[in-house]
Structures are given as structure tokens and as C-alpha cells.
>>> print(open('query_39.cif').read())   # mmCIF, C-alpha atoms
data_final
loop_
_atom_site.label_atom_id
_atom_site.label_comp_id
_atom_site.auth_asym_id
_atom_site.auth_seq_id
_atom_site.Cartn_x
_atom_site.Cartn_y
_atom_site.Cartn_z
CA GLY G 1 125.29 98.20 94.16
CA GLN G 2 122.12 98.55 96.15
CA ASN G 3 120.21 96.14 98.34
CA ILE G 4 116.69 96.96 99.46
CA ASP G 5 114.54 95.02 101.90
CA GLN G 6 110.90 95.48 102.76
CA PRO G 7 108.27 93.09 104.09
CA THR G 8 106.47 91.03 101.50
CA GLU G 9 102.96 91.36 102.87
CA MET G 10 101.04 93.30 105.49
CA THR G 11 97.42 93.35 106.54
CA ALA G 12 95.62 96.14 108.36
CA THR G 13 92.10 97.22 109.22
CA GLU G 14 90.21 100.08 107.64
CA GLY G 15 90.70 103.27 109.65
CA ALA G 16 93.89 102.04 111.28
CA ILE G 17 97.51 103.14 110.88
CA VAL G 18 100.14 101.00 109.21
CA GLN G 19 103.90 101.44 108.94
CA ILE G 20 105.84 99.86 106.09
CA ASN G 21 109.55 99.62 106.70
CA CYS G 22 112.37 99.67 104.19
CA THR G 23 116.05 99.09 104.84
CA TYR G 24 118.69 99.65 102.25
CA GLN G 25 122.38 99.41 101.55
CA THR G 26 123.78 101.57 98.84
CA SER G 27 127.13 102.73 97.57
CA GLY G 28 125.93 106.23 96.71
CA PHE G 29 122.70 107.44 98.23
CA ASN G 30 120.84 110.22 96.49
CA GLY G 31 117.27 109.97 97.67
CA LEU G 32 114.61 107.46 98.62
CA PHE G 33 111.19 107.21 97.02
CA TRP G 34 107.98 105.50 97.94
CA TYR G 35 105.55 104.48 95.21
CA GLN G 36 102.11 102.95 95.24
CA GLN G 37 101.23 100.37 92.63
CA HIS G 38 97.82 98.86 92.12
CA ALA G 39 97.65 95.52 90.37
CA GLY G 40 98.09 95.82 86.64
CA GLU G 41 98.97 99.50 86.79
CA ALA G 42 102.16 101.52 86.74
CA PRO G 43 103.52 102.91 90.01
CA THR G 44 102.51 106.34 91.20
CA PHE G 45 104.78 108.63 93.20
CA LEU G 46 104.00 109.03 96.90
CA SER G 47 107.01 110.62 98.57
CA TYR G 48 110.64 111.56 98.34
CA ASN G 49 113.20 111.85 101.15
CA VAL G 50 116.80 112.91 100.75
CA LEU G 51 117.43 114.40 104.21
CA ASP G 52 116.81 112.75 107.56
CA GLY G 53 113.42 113.28 109.09
CA LEU G 54 109.75 113.01 108.45
CA GLU G 55 107.92 114.23 105.37
CA GLU G 56 104.17 114.48 105.74
CA LYS G 57 101.68 114.65 102.94
CA GLY G 58 98.08 114.19 103.94
CA ARG G 59 97.44 110.66 105.15
CA PHE G 60 100.89 109.56 104.05
CA SER G 61 104.18 110.27 105.81
CA SER G 62 107.66 109.04 105.04
CA PHE G 63 110.66 108.94 107.33
CA LEU G 64 114.34 108.60 106.54
CA SER G 65 117.43 107.87 108.58
CA ARG G 66 120.46 107.85 106.33
CA SER G 67 122.83 106.71 109.05
CA LYS G 68 120.69 103.64 109.66
CA GLY G 69 119.80 103.02 106.03
CA TYR G 70 116.18 102.98 107.06
CA SER G 71 112.93 104.46 105.92
CA TYR G 72 109.29 103.90 106.62
CA LEU G 73 106.03 104.84 104.99
CA LEU G 74 103.21 105.61 107.39
CA LEU G 75 99.63 105.40 106.20
CA LYS G 76 96.93 106.83 108.45
CA GLU G 77 93.16 106.43 108.40
CA LEU G 78 93.44 103.49 106.09
CA GLN G 79 90.90 103.15 103.34
CA MET G 80 90.03 100.11 101.28
CA LYS G 81 91.51 101.79 98.22
CA ASP G 82 94.88 101.81 99.95
CA SER G 83 95.15 98.09 99.26
CA ALA G 84 98.09 98.00 96.87
CA SER G 85 101.75 97.24 96.58
CA TYR G 86 104.10 99.82 98.09
CA LEU G 87 107.54 100.09 96.55
CA CYS G 88 110.59 101.54 98.22
CA ALA G 89 113.18 102.78 95.72
CA VAL G 90 116.66 104.17 96.31
CA ARG G 91 118.35 106.48 93.85
CA ASP G 92 122.08 106.60 93.37
CA ARG G 93 124.20 109.52 92.30
CA ALA G 94 123.94 108.51 88.67
CA GLY G 95 120.20 109.00 88.92
CA LYS G 96 119.28 105.34 88.70
CA SER G 97 116.61 103.99 91.01
CA THR G 98 116.63 100.49 92.38
CA PHE G 99 113.34 99.14 93.62
CA GLY G 100 112.59 96.85 96.50
CA ASP G 101 110.35 93.89 95.85
CA GLY G 102 107.37 95.77 97.21
CA THR G 103 105.04 95.28 100.16
CA THR G 104 101.55 94.10 99.36
CA LEU G 105 99.15 95.80 101.76
CA THR G 106 95.68 94.39 102.24
CA VAL G 107 93.18 96.60 104.01
CA LYS G 108 90.26 94.71 105.56
CA PRO G 109 86.91 96.14 106.66
CA GLY Q 1 102.23 118.50 85.41
CA ALA Q 2 104.90 115.88 84.69
CA VAL Q 3 102.78 113.55 82.60
CA VAL Q 4 104.33 110.61 80.79
CA SER Q 5 102.41 108.92 78.03
CA GLN Q 6 103.25 105.36 77.03
CA HIS Q 7 101.89 103.61 73.96
CA PRO Q 8 100.59 101.03 73.32
CA SER Q 9 98.98 99.93 76.58
CA TRP Q 10 98.99 96.34 75.51
CA VAL Q 11 100.16 94.40 72.52
CA ILE Q 12 100.07 90.81 71.37
CA CYS Q 13 102.61 89.75 68.80
CA LYS Q 14 103.83 86.59 67.17
CA SER Q 15 107.10 85.04 68.13
CA GLY Q 16 109.92 86.38 65.97
CA THR Q 17 108.37 89.76 65.26
CA SER Q 18 109.41 93.14 66.65
CA VAL Q 19 107.41 95.51 68.81
CA LYS Q 20 108.01 99.20 69.39
CA ILE Q 21 106.92 100.93 72.59
CA GLU Q 22 106.84 104.71 72.83
CA CYS Q 23 107.35 106.84 75.91
CA ARG Q 24 106.58 110.54 75.71
CA SER Q 25 106.90 113.30 78.27
CA LEU Q 26 103.90 115.48 77.49
CA ASP Q 27 104.53 118.65 79.46
CA PHE Q 28 108.21 118.61 80.27
CA GLN Q 29 111.56 117.83 78.74
CA ALA Q 30 113.43 114.77 79.84
CA THR Q 31 117.06 114.26 78.94
CA THR Q 32 116.90 110.93 80.71
CA MET Q 33 114.23 108.28 80.64
CA PHE Q 34 114.29 104.84 82.22
CA TRP Q 35 112.90 101.57 80.96
CA TYR Q 36 111.76 98.90 83.40
CA ARG Q 37 110.38 95.43 83.09
CA GLN Q 38 108.10 93.85 85.63
CA PHE Q 39 107.16 90.19 85.74
CA PRO Q 40 104.02 89.13 87.61
CA LYS Q 41 104.26 89.62 91.36
CA GLN Q 42 107.79 90.93 91.06
CA SER Q 43 109.24 94.38 91.41
CA LEU Q 44 110.43 96.68 88.70
CA MET Q 45 113.76 95.77 87.19
CA LEU Q 46 115.67 98.52 85.47
CA MET Q 47 116.58 97.53 81.93
CA ALA Q 48 118.27 100.62 80.62
CA THR Q 49 118.75 104.32 80.95
CA SER Q 50 117.83 106.25 77.83
CA ASN Q 51 119.81 109.41 77.20
CA GLU Q 52 118.71 112.01 74.68
CA GLY Q 53 121.14 112.27 71.82
CA SER Q 54 123.41 109.46 72.94
CA LYS Q 55 123.49 105.71 73.37
CA ALA Q 56 121.43 104.10 76.07
CA THR Q 57 123.09 102.54 79.08
CA TYR Q 58 121.99 98.97 79.61
CA GLU Q 59 121.90 97.08 82.89
CA GLN Q 60 123.91 93.93 83.25
CA GLY Q 61 122.19 91.00 81.62
CA VAL Q 62 120.03 93.07 79.28
CA GLU Q 63 120.80 92.45 75.60
CA LYS Q 64 121.22 95.78 73.86
CA ASP Q 65 120.76 94.22 70.44
CA LYS Q 66 117.46 92.75 71.48
CA PHE Q 67 116.06 95.75 73.31
CA LEU Q 68 116.79 98.71 71.06
CA ILE Q 69 116.37 102.10 72.66
CA ASN Q 70 116.21 105.37 70.79
CA HIS Q 71 115.94 108.76 72.49
CA ALA Q 72 115.95 111.13 69.58
CA SER Q 73 114.27 114.09 71.25
CA LEU Q 74 113.79 115.56 74.70
CA THR Q 75 110.25 114.24 74.83
CA LEU Q 76 110.38 110.82 73.21
CA SER Q 77 112.12 107.56 73.91
CA THR Q 78 111.30 104.29 72.20
CA LEU Q 79 112.00 100.70 73.16
CA THR Q 80 111.91 98.10 70.41
CA VAL Q 81 111.79 94.45 71.39
CA THR Q 82 113.32 92.67 68.43
CA SER Q 83 112.67 89.05 67.50
CA ALA Q 84 110.33 88.71 70.44
CA HIS Q 85 109.95 85.37 72.20
CA PRO Q 86 107.36 84.20 74.72
CA GLU Q 87 109.81 84.78 77.58
CA ASP Q 88 109.82 88.47 76.64
CA SER Q 89 106.17 88.65 77.67
CA SER Q 90 106.11 91.15 80.50
CA PHE Q 91 104.94 94.54 81.67
CA TYR Q 92 107.25 97.24 80.32
CA ILE Q 93 107.20 100.64 82.00
CA CYS Q 94 109.05 103.83 81.23
CA SER Q 95 109.69 106.68 83.60
CA ALA Q 96 111.08 110.15 83.36
CA ARG Q 97 111.52 113.29 85.38
CA PRO Q 98 111.91 116.89 84.37
CA SER Q 99 115.40 117.86 83.30
CA MET Q 100 115.28 120.75 85.73
CA GLY Q 101 114.90 119.94 89.42
CA VAL Q 102 115.94 116.82 91.28
CA GLY Q 103 113.34 116.73 93.98
CA PHE Q 104 110.56 115.32 91.85
CA GLY Q 105 109.65 111.72 91.90
CA TYR Q 106 109.89 109.94 88.64
CA THR Q 107 106.67 109.88 86.71
CA PHE Q 108 105.83 106.58 85.18
CA GLY Q 109 104.08 105.86 81.95
CA SER Q 110 100.99 103.70 82.15
CA GLY Q 111 102.96 100.66 81.08
CA THR Q 112 102.76 98.29 78.13
CA ARG Q 113 101.72 94.71 78.61
CA LEU Q 114 103.45 92.63 75.97
CA THR Q 115 102.30 89.11 75.21
CA VAL Q 116 104.30 87.09 72.72
CA VAL Q 117 102.53 84.07 71.34
#
>>> encode(input="query_39.cif", output="C-alpha cells")
Amino acid sequence: GQNIDQPTEMTATEGAIVQINCTYQTSGFNGLFWYQQHAGEAPTFLSYNVLDGLEEKGRFSSFLSRSKGYSYLLLKELQMKDSASYLCAVRDRAGKSTFGDGTTLTVKP
Amino acid sequence: GAVVSQHPSWVICKSGTSVKIECRSLDFQATTMFWYRQFPKQSLMLMATSNEGSKATYEQGVEKDKFLINHASLTLSTLTVTSAHPEDSSFYICSARPSMGVGFGYTFGSGTRLTVV
């Protein structure tokens, strides 16, 4: 099985940087995803890590350490529209993804 | 690319009736699609894995006779909620990824908000 932990809520200021952590335990790791979900909408794909290290994509970066079962999503130059829920999901070798409960990020002016 | 269309976006039905939700991959083929359910302020819970041409694989605790899944083609999977009850009211979301390539994130449909009255 898989167990995924991420903080429930975070608050940050517009223009700042915020890091959302995710720790996981899995019996067969085959990739970690980060998704953004606005209220009432379906999730949208942000990033994918399968090897250790940092993946950068514009204002968003994601880091993975497989030995530590740890990932983080880094959001730079925060904008008000970044207020959303951020979901960490771990995929197993069968292709199934298990989602964390999500971190609700509130960006304040 | 990698667009998933889900229909309907929302539906209200009477208790005891059945509702069918469609999930289509518009510009790619998907041998596997996933169905999730999300209750308010909770994360996505995988219900079942839909496999083209074969029976779906259901997660523990999900009634296969209540949530009928059909994946008859490489671009369409359907979820039918049979004999719906108010506790089935939820946000149902499908996702898929191209059959070729494993590096892509799953693309989600827009979701279907089901309300059973």
C-alpha cells in the first residue's frame, strides 16, 4: 500500500516563495506527481518526478528524494491565482496513483 | 494534446435511478482510464481502473455491481452509478494518459458533480 502525508494548509504572501512538502511510503514506487486543483474543478498536472533531483518548470519546481520518500513543490513569485489545493500523488508499478489529502494554499496580498 | 472530455459536468437524479458518466480521450488512445470520487474537502479516492477490452479492477470497498464500468474502445470509458442514493452524491473524475509514453502526467476530465435527491 501507499501512505502519503502533506500539510493540510499553508498561507503565503503574494510575490513570495512557498515550499509544500510531501512524504510517502510505498511498496512499489514508479513516479510522483504534483497537481493543482481549484475549488470545484478537476486537478491539473503540474510536475512529474521519477528520478532524484529537481525539475523546474517556470515558477514551479519539484524535488524528489526516493531514498527519503520525500518530495516538495516550490512555487516562486506567488500570485493570487495560485491559491488552490496542491495534491501530491504517488504511482505504483501497476500504474495506479494514490493521492495525498492535498495542501490548501492561500495567497494573501 | 492529451485532452480528456467528461460528460455530463453535473447531474441531478432521483434516488433509485441510474446515471451514466462518459470519459473520452479526444486526441490520444488510452488503454487504461481511472475513475475517482472526491467528497467535499477531501482528496481523490481511486474507485477503479478501467481497462479497454477487459473487466475493470475495483478498489477495495467499491461495489462493482453498483458502479458499472465499461471501456469498450481505446477512447471511451463509462461509469454507471446504478440505483443511486443520496450518499452517492459526489464529484466523480476520470483520468487517462496516452498508451504510449510513461512520463506524462495523467490528464483529468473536468469532473461530474452528481447530486442524488
>>> closest_atom_pairs(input="query_39.cif", of="chain G", to="stretch 30-39 of chain Q", cutoff="12 Å", atoms="only C-alpha atoms", output="tab-separated table")
residue	atom	partner	partner_atom	distance
G:Gln37	CA	Q:Gln38	CA	11.8
G:Ala39	CA	Q:Gln38	CA	11.6
G:Gly40	CA	Q:Gln38	CA	10.3
G:Glu41	CA	Q:Gln38	CA	10.8
G:Ala42	CA	Q:Gln38	CA	9.8
G:Pro43	CA	Q:Gln38	CA	11.1
G:Ala94	CA	Q:Thr32	CA	10.9
G:Gly95	CA	Q:Thr32	CA	9.1
G:Lys96	CA	Q:Phe34	CA	8.2
G:Ser97	CA	Q:Phe34	CA	9.1
G:Thr98	CA	Q:Tyr36	CA	10.3
G:Phe99	CA	Q:Tyr36	CA	10.3
G:Asp101	CA	Q:Gln38	CA	10.5
G:Gly102	CA	Q:Gln38	CA	11.8
>>> atom_distance(input="query_39.cif", atom1="atom CA of G:Lys68", atom2="atom CA of G:Thr23")
8.1 Å
>>> resolve_selection(input="query_39.cif", expression="the PyMOL selection byres ((chain G) within 12 of (chain Q))", output="PyMOL selection string")
chain G and resi 1+4-6+8-9+30-51+84-91+93-104
>>> residues_around(input="query_39.cif", residues="Q:Thr82", least_positions_apart="5", cutoff="9 Å", atoms="only C-alpha atoms", output="VMD selection string")
chain Q and resid 16 to 20 65 to 68
>>> resolve_selection(input="query_39.cif", expression="the PyMOL selection byres ((chain Q and resi 51) around 12)", output="number ranges by chain")
G: 95; Q: 29-35, 48-50, 52-58, 69-78, 96, 99
>>> write_last_selection(input="query_39.cif", atoms="C-alpha atoms", output="PDB file, in the coordinates of the input")
ATOM      1  CA  GLY G  95     120.200 109.000  88.920  1.00  0.00           C
TER       2      GLY G  95
ATOM      3  CA  GLN Q  29     111.560 117.830  78.740  1.00  0.00           C
ATOM      4  CA  ALA Q  30     113.430 114.770  79.840  1.00  0.00           C
ATOM      5  CA  THR Q  31     117.060 114.260  78.940  1.00  0.00           C
ATOM      6  CA  THR Q  32     116.900 110.930  80.710  1.00  0.00           C
ATOM      7  CA  MET Q  33     114.230 108.280  80.640  1.00  0.00           C
ATOM      8  CA  PHE Q  34     114.290 104.840  82.220  1.00  0.00           C
ATOM      9  CA  TRP Q  35     112.900 101.570  80.960  1.00  0.00           C
ATOM     10  CA  ALA Q  48     118.270 100.620  80.620  1.00  0.00           C
ATOM     11  CA  THR Q  49     118.750 104.320  80.950  1.00  0.00           C
ATOM     12  CA  SER Q  50     117.830 106.250  77.830  1.00  0.00           C
ATOM     13  CA  GLU Q  52     118.710 112.010  74.680  1.00  0.00           C
ATOM     14  CA  GLY Q  53     121.140 112.270  71.820  1.00  0.00           C
ATOM     15  CA  SER Q  54     123.410 109.460  72.940  1.00  0.00           C
ATOM     16  CA  LYS Q  55     123.490 105.710  73.370  1.00  0.00           C
ATOM     17  CA  ALA Q  56     121.430 104.100  76.070  1.00  0.00           C
ATOM     18  CA  THR Q  57     123.090 102.540  79.080  1.00  0.00           C
ATOM     19  CA  TYR Q  58     121.990  98.970  79.610  1.00  0.00           C
ATOM     20  CA  ILE Q  69     116.370 102.100  72.660  1.00  0.00           C
ATOM     21  CA  ASN Q  70     116.210 105.370  70.790  1.00  0.00           C
ATOM     22  CA  HIS Q  71     115.940 108.760  72.490  1.00  0.00           C
ATOM     23  CA  ALA Q  72     115.950 111.130  69.580  1.00  0.00           C
ATOM     24  CA  SER Q  73     114.270 114.090  71.250  1.00  0.00           C
ATOM     25  CA  LEU Q  74     113.790 115.560  74.700  1.00  0.00           C
ATOM     26  CA  THR Q  75     110.250 114.240  74.830  1.00  0.00           C
ATOM     27  CA  LEU Q  76     110.380 110.820  73.210  1.00  0.00           C
ATOM     28  CA  SER Q  77     112.120 107.560  73.910  1.00  0.00           C
ATOM     29  CA  THR Q  78     111.300 104.290  72.200  1.00  0.00           C
ATOM     30  CA  ALA Q  96     111.080 110.150  83.360  1.00  0.00           C
ATOM     31  CA  SER Q  99     115.400 117.860  83.300  1.00  0.00           C
TER      32      SER Q  99
END
>>> resolve_selection(input="query_39.cif", expression="the PyMOL selection byres ((chain Q and resi 3) around 8)", output="MDAnalysis selection string")
chainID Q and resid 1:2 4:5 25:28 107 109
>>> atom_distance(input="query_39.cif", atom1="atom CA of G:Gly58", atom2="atom CA of G:Gln79")
13.2 Å
>>> closest_residue(input="query_39.cif", among="Q:Val117, Q:Met47, Q:Pro98, Q:Cys23", to="Q:Pro86", atoms="all atoms listed in the file")
Q:Val117
>>> atom_distance(input="query_39.cif", atom1="atom CA of G:Thr13", atom2="atom CA of G:Gly69")
28.5 Å
>>> residues_around(input="query_39.cif", residues="G:Lys76", least_positions_apart="6", cutoff="9 Å", atoms="all atoms listed in the file", output="mmCIF file with C-alpha atoms, in the coordinates of the input")
data_model
loop_
_atom_site.group_PDB
_atom_site.id
_atom_site.type_symbol
_atom_site.label_atom_id
_atom_site.label_comp_id
_atom_site.auth_asym_id
_atom_site.auth_seq_id
_atom_site.Cartn_x
_atom_site.Cartn_y
_atom_site.Cartn_z
ATOM 1 C CA GLY G 15 90.700 103.270 109.650
ATOM 2 C CA ALA G 16 93.890 102.040 111.280
ATOM 3 C CA ILE G 17 97.510 103.140 110.880
ATOM 4 C CA VAL G 18 100.140 101.000 109.210
ATOM 5 C CA GLN G 19 103.900 101.440 108.940
ATOM 6 C CA GLY G 58 98.080 114.190 103.940
ATOM 7 C CA ARG G 59 97.440 110.660 105.150
ATOM 8 C CA PHE G 60 100.890 109.560 104.050
ATOM 9 C CA SER G 61 104.180 110.270 105.810
#
>>> residues_around(input="query_39.cif", residues="Q:Trp10", least_positions_apart="2", cutoff="8 Å", atoms="only C-alpha atoms", output="count of residues only")
7
>>> residues_around(input="query_39.cif", residues="G:Ile20", least_positions_apart="2", cutoff="7 Å", atoms="all atoms listed in the file", output="list in words")
Val18, Cys22, Tyr72, Leu73 and Leu74 of chain G
>>> write_last_selection(input="query_39.cif", atoms="C-alpha atoms", output="short mmCIF file (atom, residue, chain, number, x, y, z; two decimals), in the frame of the given file")
data_model
loop_
_atom_site.label_atom_id
_atom_site.label_comp_id
_atom_site.auth_asym_id
_atom_site.auth_seq_id
_atom_site.Cartn_x
_atom_site.Cartn_y
_atom_site.Cartn_z
CA VAL G 18 100.14 101.00 109.21
CA CYS G 22 112.37 99.67 104.19
CA TYR G 72 109.29 103.90 106.62
CA LEU G 73 106.03 104.84 104.99
CA LEU G 74 103.21 105.61 107.39
#
